[in-house]
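A.B. asks: Below is one structure. I have some questions about it.
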Amino acid sequence: MNIGINASFLRKPGNGIGQVTLHFLTELAKQVKSNRSLRNHKFFIYTEDPIDIKLPKNFIVRSFLPFYRRDDLFRKLLWEKYSLLHKAHRDHCDVFISLYQSATVIKYIDMKHVMIVHDVIPHACPEYINNLRKKLYWERVEIGMYSASSIVAVSEYTKSDLEDKLNIKATKITVAPIAVDPIFTRDVVDDEIQHVMQKYNLAYKKYMYTGGGLEVRKNVDRTLRAYKMLREQIPNAPDLVVSGKLLPHLAPLITDVEQVVYDLGLVDHVKILGFVDQVDLPALYKGAQVFIFPSSYEGFGMPVLEAMTIGTPVITSSDTSLREVGGDAVRYVNHDDAQLCDAMREIITNSALQEKMSYASKERAQIFSWTKFVEKIREVSTI
């Protein structure tokens with residue numbers, strides 16, 4: 001059997017889908033090495049840029065671009081809809097796996113198409129399709145989802161979105177939760193913690209942390225308002241650390257954190273780190289008293305699971321997929337600044353509660369694994 005895999009997002013390793021792509025391939029390679037029957041298949045890995053990943057001999061990497069090479073939505077559409085399809089047909093793929101929702105439409109009846117869908121953000125947050133190019137691209141992504149033989153949703157919430165918002169039949173959709181980078185599953189040693197604390201000028205267990213992106217739907221501004229209320233109640237409250245790229249030119253989709261911090265008079269108590277390398281994140285989570293993630297829409301919620309895996313207490317929203325990730329291990333809040341402030345205060349002033357939440361989070365995080373995820377994709381794909 002020949003299996004084609006759209007691994008385009010390998011070129012964006014800091015992106016959530018980039019992480020899923022990398023760890024899917026890494027785990028699939030492990031399963032191929034340990035399963036003799038899988039070695040009889042050929043896996044064609046399609047990328048836009050050359051990659052540097054050690055893969056088994058029966059993995060064939062094909063890197064290519066369409067005639068139009070500017071890195072924008074038009075190139076993305078050409079690559080997904082035409083160039084990719086041509087390569088998969090030429091390689092006589094029996095099964096094609098799209099590792100994200102895309103505009104690819106398989107026209108050949110002898111090629112099964114399995115598409116992983118992470119979210120349907122444009123339906124929940126229409127502001128994300130704020131120009132004609134984005135609108136046209138998303139329309140073609142919807143066609144891609146409708147035409148796929150099978151869909152794998154990363155959460156029950158995403159599955160319900162596909163049913164309710166796109167009218168895709170439930171019988172076509174399978175749910176397979178994703179996991180986190182394995183660097184979060186190992187113990188964070190003292191040397192790593194000390195290095196990261198020094199690198200970002202932080203004090204271990206003397207700060208609260210919010211990260212996972214500065215998009216408006218992440219509600220970082222709400223976290224800052226709640227933090228201001230907290231400081232009014234507890235003047236010596238820990239500092240708040242914020243990570244994420246500051247991209248004002250993407251407004252209104254991105255929160256201008258610097259401006260909000262200035263307007264709230266929190267300049268002396270909020271540290272904005274900017275982009276944080278993936279390798280530094282385990283120690284950054286570990287050093288925080290609590291991780292705050294009051295997002296209003298998530299297809300899964302990987303930052304919540306990262307913090308849980310490390311054992312950092314989590315405050316998050318009760319919306320969308322986040323309850324599926326957090327279970328009973330995290331503290332949920334609605335869209336109310338005062339309630340978020342109350343949750344912050346309760347956790348930072350109660351070391352016993354922190355310890356209890358830490359233990360529960362680690363236990364809960366163990367149910368998520370890349371092994372289960374890849375096995376489910378293989379099952380749906382009949383590999």
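Naming works like this for the structure tokens: A, B, ... for the chains as they're shown, residue 1 at the start of each chain, ligands 1 onward in shown order.
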Pick out the residues sitting within 9 Å of A:Met302, and hand them over as a list of chain:residue names; count only C-alpha atoms, and ignore anything fewer than 6 positions along from it in its own chain.

C.D. replies: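 Using only C-alpha atoms, the neighbours found are A:Gly16, A:Ile178, A:Ala179, A:Val180, A:Gly212, A:Val325.
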
A.B. asks: Please produce a file of the residues just selected, as an mmCIF file, in the first residue's frame, where the atoms kept are N, CA and C atoms.

C.D. replies:
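Wrote selection-v2.cif, looks like this:
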```cif
data_model
loop_
_atom_site.group_PDB
_atom_site.id
_atom_site.type_symbol
_atom_site.label_atom_id
_atom_site.label_comp_id
_atom_site.auth_asym_id
_atom_site.auth_seq_id
_atom_site.Cartn_x
_atom_site.Cartn_y
_atom_site.Cartn_z
ATOM 1 N N GLY A 16 0.968 25.030 16.394
ATOM 2 C CA GLY A 16 0.328 23.846 16.957
ATOM 3 C C GLY A 16 0.212 22.712 15.954
ATOM 4 N N ILE A 178 -5.130 14.756 20.487
ATOM 5 C CA ILE A 178 -3.697 14.837 20.272
ATOM 6 C C ILE A 178 -2.974 14.841 21.620
ATOM 7 N N ALA A 179 -1.668 15.021 21.604
ATOM 8 C CA ALA A 179 -0.875 15.039 22.835
ATOM 9 C C ALA A 179 0.066 16.246 22.786
ATOM 10 N N VAL A 180 1.144 16.194 23.549
ATOM 11 C CA VAL A 180 2.084 17.313 23.590
ATOM 12 C C VAL A 180 3.485 16.827 23.249
ATOM 13 N N GLY A 212 0.495 30.918 24.996
ATOM 14 C CA GLY A 212 -0.316 30.184 24.033
ATOM 15 C C GLY A 212 -0.846 31.037 22.910
ATOM 16 N N VAL A 325 -9.974 18.495 27.784
ATOM 17 C CA VAL A 325 -8.553 18.397 28.113
ATOM 18 C C VAL A 325 -8.355 18.378 29.629
#
```

A.B. asks: List the spatial neighbours of A:Ser296 as a VMD selection string - criterion: any atom at most 7 Å away, only C-alpha atoms, same-chain residues fewer than 6 positions off excluded.

C.D. replies: chain A and resid 217 to 218 317 319

A.B. asks: What's around A:Lys286 at 10 Å? Count only C-alpha atoms, leave out sequence neighbours fewer than 2 positions away in its own chain, and write the answer as a ChimeraX atom specification.

C.D. replies: /A:184,187-188,193,204-205,209,281-284,288-291,307-313

A.B. asks: Just the number, please: distance in Å from atom CA of A:Gly4 to atom CA of A:Cys93, one decimal.

C.D. replies: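 Rounded to one decimal, the two atoms are 5.8 Å apart.
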
A.B. asks: Would you please give, as an MDAnalysis selection string, all residues of stretch 161-345 of chain A that DSSP assigns to alpha helix (DSSP H) based on the backbone?

C.D. replies: chainID A and resid 161:166 190:199 220:233 257:263 281:286 302:310 322:326 337:345

A.B. asks: Set the distance at 12 Å and use only C-alpha atoms: which residues neighbour A:Phe67 once local chain neighbours fewer than 2 positions away are removed? I'd like the list as a compact mmCIF listing (two decimals) with N, CA and C atoms, in the first residue's frame.

C.D. replies:
```txt
# COMPACT_ATOMS: atom_id res chain seq x y z
N PHE A 64 8.45 20.18 -2.68
CA PHE A 64 8.20 20.88 -3.94
C PHE A 64 7.33 22.11 -3.71
N LEU A 65 7.32 22.99 -4.68
CA LEU A 65 6.47 24.18 -4.67
C LEU A 65 5.77 24.31 -6.01
N ARG A 69 5.64 31.03 -6.22
CA ARG A 69 6.41 30.66 -5.03
C ARG A 69 6.36 31.66 -3.89
N ARG A 70 5.64 32.73 -4.05
CA ARG A 70 5.51 33.66 -2.94
C ARG A 70 4.73 32.99 -1.81
N ASP A 71 5.21 33.12 -0.58
CA ASP A 71 4.60 32.42 0.55
C ASP A 71 3.35 33.15 1.03
N PHE A 74 -2.38 32.25 -1.70
CA PHE A 74 -2.53 31.78 -3.08
C PHE A 74 -1.61 30.59 -3.34
N ARG A 75 -0.36 30.70 -2.87
CA ARG A 75 0.56 29.57 -3.02
C ARG A 75 0.04 28.35 -2.24
N LYS A 76 -0.45 28.59 -1.06
CA LYS A 76 -0.98 27.51 -0.22
C LYS A 76 -2.11 26.79 -0.94
N LEU A 78 -2.69 26.72 -4.26
CA LEU A 78 -2.15 26.00 -5.41
C LEU A 78 -1.48 24.69 -4.98
N TRP A 79 -0.73 24.76 -3.88
CA TRP A 79 0.01 23.59 -3.41
C TRP A 79 -0.95 22.49 -2.96
N TYR A 82 -3.62 21.53 -6.19
CA TYR A 82 -3.14 21.05 -7.48
C TYR A 82 -1.80 20.30 -7.40
N SER A 83 -0.74 20.98 -6.94
CA SER A 83 0.59 20.35 -6.93
C SER A 83 0.59 19.07 -6.10
```

A.B. asks: Just the residues within 12 Å of A:Leu353, please, counting only C-alpha atoms, with nothing from its chain fewer than 3 positions along; format it as a PyMOL selection string.

C.D. replies: chain A and resi 289-290+312-314+329-331+343-350+356-361

A.B. asks: Output N, CA, C and O atoms for every residue in that selection, as a CSV table (one decimal), in the first residue's frame.

C.D. replies:
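New file again_23.csv:
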```csv
chain,number,residue,atom,x,y,z
A,289,GLN,N,3.4,29.7,39.5
A,289,GLN,CA,2.5,29.2,40.5
A,289,GLN,C,1.2,28.7,39.8
A,289,GLN,O,0.5,27.8,40.3
A,290,VAL,N,0.8,29.3,38.7
A,290,VAL,CA,-0.4,29.0,38.0
A,290,VAL,C,-0.3,29.4,36.6
A,290,VAL,O,0.4,30.4,36.3
A,312,THR,N,1.7,22.1,36.5
A,312,THR,CA,1.4,23.5,36.9
A,312,THR,C,-0.1,23.6,37.0
A,312,THR,O,-0.8,23.2,36.1
A,313,PRO,N,-0.7,24.1,38.1
A,313,PRO,CA,-2.1,24.4,38.2
A,313,PRO,C,-2.6,25.3,37.1
A,313,PRO,O,-1.9,26.2,36.7
A,314,VAL,N,-3.8,25.0,36.6
A,314,VAL,CA,-4.3,25.7,35.4
A,314,VAL,C,-5.6,26.3,35.7
A,314,VAL,O,-6.5,25.7,36.3
A,329,ALA,N,-9.3,18.3,36.7
A,329,ALA,CA,-7.9,18.6,37.3
A,329,ALA,C,-7.7,20.1,37.3
A,329,ALA,O,-6.7,20.6,37.9
A,330,VAL,N,-8.4,20.9,36.6
A,330,VAL,CA,-8.1,22.3,36.4
A,330,VAL,C,-9.3,23.2,37.0
A,330,VAL,O,-10.4,22.7,37.2
A,331,ARG,N,-9.1,24.5,37.1
A,331,ARG,CA,-10.1,25.4,37.6
A,331,ARG,C,-10.7,26.1,36.4
A,331,ARG,O,-10.0,26.7,35.6
A,343,ALA,N,-10.2,33.2,41.1
A,343,ALA,CA,-9.5,31.9,40.9
A,343,ALA,C,-8.0,32.1,41.1
A,343,ALA,O,-7.4,31.2,41.7
A,344,MET,N,-7.5,33.2,40.5
A,344,MET,CA,-6.1,33.5,40.7
A,344,MET,C,-5.7,33.6,42.2
A,344,MET,O,-4.8,32.9,42.7
A,345,ARG,N,-6.5,34.4,42.9
A,345,ARG,CA,-6.3,34.6,44.4
A,345,ARG,C,-6.4,33.3,45.2
A,345,ARG,O,-5.5,33.0,46.0
A,346,GLU,N,-7.4,32.5,44.9
A,346,GLU,CA,-7.5,31.2,45.6
A,346,GLU,C,-6.3,30.3,45.4
A,346,GLU,O,-5.9,29.7,46.4
A,347,ILE,N,-5.8,30.2,44.2
A,347,ILE,CA,-4.7,29.3,44.0
A,347,ILE,C,-3.4,29.8,44.5
A,347,ILE,O,-2.6,29.1,45.2
A,348,ILE,N,-3.0,31.1,44.3
A,348,ILE,CA,-1.7,31.6,44.7
A,348,ILE,C,-1.6,31.7,46.3
A,348,ILE,O,-0.5,31.8,46.8
A,349,THR,N,-2.8,31.7,47.0
A,349,THR,CA,-2.7,31.9,48.4
A,349,THR,C,-2.9,30.5,49.1
A,349,THR,O,-3.0,30.5,50.4
A,350,ASN,N,-3.0,29.4,48.4
A,350,ASN,CA,-3.2,28.1,49.0
A,350,ASN,C,-2.3,27.1,48.4
A,350,ASN,O,-2.5,26.5,47.4
A,356,LYS,N,-2.4,19.8,45.2
A,356,LYS,CA,-3.5,19.0,44.8
A,356,LYS,C,-3.8,19.1,43.3
A,356,LYS,O,-3.9,18.1,42.6
A,357,MET,N,-3.8,20.3,42.8
A,357,MET,CA,-4.1,20.5,41.4
A,357,MET,C,-2.9,20.0,40.5
A,357,MET,O,-3.1,19.5,39.4
A,358,SER,N,-1.7,20.1,41.0
A,358,SER,CA,-0.5,19.7,40.3
A,358,SER,C,-0.6,18.1,40.1
A,358,SER,O,-0.4,17.6,39.0
A,359,TYR,N,-0.9,17.4,41.2
A,359,TYR,CA,-1.0,16.0,41.2
A,359,TYR,C,-2.1,15.5,40.2
A,359,TYR,O,-2.0,14.7,39.4
A,360,ALA,N,-3.3,16.2,40.3
A,360,ALA,CA,-4.4,15.8,39.5
A,360,ALA,C,-4.2,16.1,38.0
A,360,ALA,O,-4.6,15.3,37.1
A,361,SER,N,-3.4,17.2,37.7
A,361,SER,CA,-3.1,17.5,36.4
A,361,SER,C,-2.2,16.5,35.7
A,361,SER,O,-2.4,16.1,34.6
```

A.B. asks: Taking only C-alpha atoms into account, produce a table as a tab-separated table in which each residue of stretch 298-368 of chain A with an atom at most 10 Å from an atom of stretch 161-177 of chain A appears once, together with its shortest atom pair and the distance in Å to one decimal, ordered by chain and rising number.

C.D. replies:
```
residue	atom	partner	partner_atom	distance
A:Gly299	CA	A:Asp161	CA	9.3
A:Phe300	CA	A:Pro177	CA	7.8
A:Thr320	CA	A:Asp161	CA	9.5
A:Glu324	CA	A:Pro177	CA	9.2
A:Val325	CA	A:Pro177	CA	8.8
A:Ile367	CA	A:Pro177	CA	9.5
A:Phe368	CA	A:Pro177	CA	6.9
```

A.B. asks: Could you check which of A:Glu80, A:Glu375, A:Glu258, A:Asp221 is closest to A:Gly274, using only C-alpha atoms?

C.D. replies: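 Of the candidates, the smallest distance to A:Gly274 is held by A:Glu258.
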